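What follows is the content of work_21.tsv (TSV, C-alpha atoms).
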```
chain	number	residue	atom	x	y	z
A	23	MET	CA	-10.65	5.92	7.56
A	24	SER	CA	-10.17	4.40	4.10
A	25	GLU	CA	-8.33	1.31	3.02
A	26	VAL	CA	-6.47	0.93	-0.27
A	27	GLU	CA	-5.14	-2.14	-2.01
A	28	ILE	CA	-1.97	-1.82	-4.05
A	29	ALA	CA	-0.53	-4.55	-6.27
A	30	LEU	CA	3.25	-4.77	-6.07
A	31	GLY	CA	5.14	-5.47	-9.29
A	32	ARG	CA	8.36	-6.55	-7.56
A	33	PRO	CA	7.35	-7.86	-4.16
A	34	ALA	CA	10.85	-8.60	-2.83
A	35	ILE	CA	10.63	-8.41	0.94
A	36	THR	CA	13.99	-6.88	1.72
A	37	PRO	CA	15.10	-5.58	5.13
A	38	GLU	CA	14.21	-2.08	3.90
A	39	VAL	CA	10.66	-3.13	3.02
A	40	ARG	CA	10.23	-4.87	6.38
A	41	ALA	CA	11.50	-1.75	8.18
A	42	TRP	CA	9.11	0.45	6.19
A	43	ILE	CA	6.13	-1.80	7.01
A	44	ASN	CA	7.04	-1.98	10.70
A	45	ASN	CA	7.68	1.76	11.06
A	46	ARG	CA	5.09	3.40	8.79
A	47	PRO	CA	3.15	5.99	10.75
A	48	GLY	CA	-0.63	5.88	10.60
A	49	PRO	CA	-3.68	4.22	12.08
A	50	GLY	CA	-2.75	0.70	11.05
A	51	ARG	CA	0.26	-1.26	9.94
A	52	PRO	CA	0.36	-2.15	6.23
A	53	VAL	CA	-0.46	-5.80	5.51
A	54	LEU	CA	0.92	-7.92	2.65
A	55	THR	CA	-1.38	-10.61	1.22
A	56	ARG	CA	-1.77	-12.69	-1.95
A	57	GLY	CA	-4.55	-11.61	-4.32
A	58	ALA	CA	-7.14	-8.88	-3.96
A	59	ARG	CA	-10.49	-9.14	-2.22
A	60	SER	CA	-12.27	-8.37	-5.46
A	61	GLY	CA	-10.45	-11.14	-7.29
A	62	GLN	CA	-8.42	-8.68	-9.34
A	63	ALA	CA	-4.65	-9.13	-9.49
A	64	HIS	CA	-5.10	-12.83	-8.70
A	65	GLY	CA	-1.87	-14.30	-7.37
A	66	ALA	CA	-0.17	-10.92	-7.05
A	67	VAL	CA	1.26	-9.65	-3.80
A	68	ILE	CA	-1.12	-7.03	-2.46
A	69	LEU	CA	-0.38	-4.37	0.12
A	70	ARG	CA	-3.38	-3.22	2.15
A	71	VAL	CA	-3.00	0.09	3.95
A	72	ALA	CA	-5.45	2.10	6.05
A	73	LEU	CA	-5.40	5.82	5.26
A	74	GLN	CA	-6.79	8.44	7.58
A	75	SER	CA	-7.53	11.89	6.19
A	76	ASP	CA	-10.14	14.55	6.84
A	77	SER	CA	-10.66	15.67	3.25
A	78	PRO	CA	-10.38	14.29	-0.28
A	79	ALA	CA	-7.33	16.52	-0.89
A	80	GLU	CA	-5.55	15.17	2.20
A	81	LEU	CA	-6.46	11.61	1.21
A	82	SER	CA	-5.01	12.19	-2.26
A	83	ASP	CA	-1.80	13.62	-0.76
A	84	GLU	CA	-1.47	10.67	1.63
A	85	LEU	CA	-2.00	8.18	-1.19
A	86	ASP	CA	0.53	9.98	-3.43
A	87	SER	CA	3.07	9.89	-0.60
A	88	LEU	CA	2.44	6.18	-0.04
A	89	LEU	CA	2.90	5.35	-3.75
A	90	THR	CA	6.09	7.43	-3.84
A	91	ASP	CA	7.49	5.52	-0.84
A	92	LEU	CA	6.71	2.21	-2.54
A	93	ARG	CA	8.35	3.35	-5.79
A	94	MET	CA	11.46	4.41	-3.87
A	95	LEU	CA	11.58	0.90	-2.37
A	96	GLY	CA	11.54	-0.48	-5.94
A	97	LEU	CA	8.18	-2.25	-5.58
A	98	ARG	CA	6.43	-0.87	-8.70
A	99	PRO	CA	3.06	-0.19	-7.04
A	100	THR	CA	-0.26	-0.16	-8.91
A	101	LEU	CA	-3.39	1.07	-7.14
A	102	ILE	CA	-6.15	-1.49	-7.65
A	103	PRO	CA	-9.13	0.43	-9.12
A	104	GLY	CA	-12.23	0.70	-6.99
A	105	GLN	CA	-10.44	-0.38	-3.82
A	106	LEU	CA	-10.55	2.93	-1.99
A	107	VAL	CA	-13.18	2.11	0.63
```

I need this file expressed as structure tokens, please.
Amino acid sequence: MSEVEIALGRPAITPEVRAWINNRPGPGRPVLTRGARSGQAHGAVILRVALQSDSPAELSDELDSLLTDLRMLGLRPTLIPGQLV
């Protein structure tokens, strides 16, 4: 299992965003926090999500799908470099 941190450019917590967070399938529920563990994106709203994939290709597909969902919600996601653990 890997965890990613994504900075959100427009972190409005609308009913749609709450529904997405509460209903996203996967090993763990996404978590919103302020600031990144590494100190990058200080003060930004950060979404932490656990990803579970068996191969690098599947992990890439899962991450692409996640970023697409966030874009569709209007959150302007930016993957924080070096945060795929």

CA of Leu85 in chain A to CA of Arg70 in chain A, distance in Å rounded to a single decimal: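 CA of Arg70 in chain A lies at a distance of 12.0 Å from CA of Leu85 in chain A.
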
Contacts of Glu84 in chain A within 12 Å, all atoms listed in the file, excl. fewer than 2 positions in-chain, as a list in words: Met23, Ser24, Glu25, Val26, Pro47, Gly48, Val71, Ala72, Leu73, Gln74, Ser75, Asp76, Ser77, Pro78, Ala79, Glu80, Leu81, Ser82, Asp86, Ser87, Leu88, Leu89, Thr90 and Asp91 of chain A

Next, the residues of the selection above should be written as a CSV table (one decimal), in the coordinates of the input with C-alpha atoms.
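Wrote it out as again-v9.csv, contents follow:
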```csv
chain,number,residue,atom,x,y,z
A,23,MET,CA,-10.6,5.9,7.6
A,24,SER,CA,-10.2,4.4,4.1
A,25,GLU,CA,-8.3,1.3,3.0
A,26,VAL,CA,-6.5,0.9,-0.3
A,47,PRO,CA,3.2,6.0,10.8
A,48,GLY,CA,-0.6,5.9,10.6
A,71,VAL,CA,-3.0,0.1,4.0
A,72,ALA,CA,-5.4,2.1,6.0
A,73,LEU,CA,-5.4,5.8,5.3
A,74,GLN,CA,-6.8,8.4,7.6
A,75,SER,CA,-7.5,11.9,6.2
A,76,ASP,CA,-10.1,14.6,6.8
A,77,SER,CA,-10.7,15.7,3.2
A,78,PRO,CA,-10.4,14.3,-0.3
A,79,ALA,CA,-7.3,16.5,-0.9
A,80,GLU,CA,-5.6,15.2,2.2
A,81,LEU,CA,-6.5,11.6,1.2
A,82,SER,CA,-5.0,12.2,-2.3
A,86,ASP,CA,0.5,10.0,-3.4
A,87,SER,CA,3.1,9.9,-0.6
A,88,LEU,CA,2.4,6.2,0.0
A,89,LEU,CA,2.9,5.4,-3.8
A,90,THR,CA,6.1,7.4,-3.8
A,91,ASP,CA,7.5,5.5,-0.8
```

Coordinates-based distance that separates CA of Arg40 in chain A from CA of Ile102 in chain A (Å, one decimal): 21.8 Å

Distance in Å - CA of Asn44 in chain A versus CA of Asp83 in chain A: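 Value for the CA of Asn44 in chain A-CA of Asp83 in chain A distance: 21.3 Å.
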
Selected residue of minimal separation from Val39 in chain A among A:Val53, A:Leu101, A:Ala66, A:Glu27, counting all atoms listed in the file: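 That would be A:Val53, the residue with the smallest distance to Val39 in chain A.
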
Which residue of A:Asn45, A:Leu69, A:Pro37, A:Thr55 approaches Leu92 in chain A most closely, using only C-alpha atoms: A:Leu69

Selected residue of minimal separation from Pro99 in chain A among A:Trp42, A:Gly31, A:Pro52, A:Thr36, counting all atoms listed in the file: A:Gly31
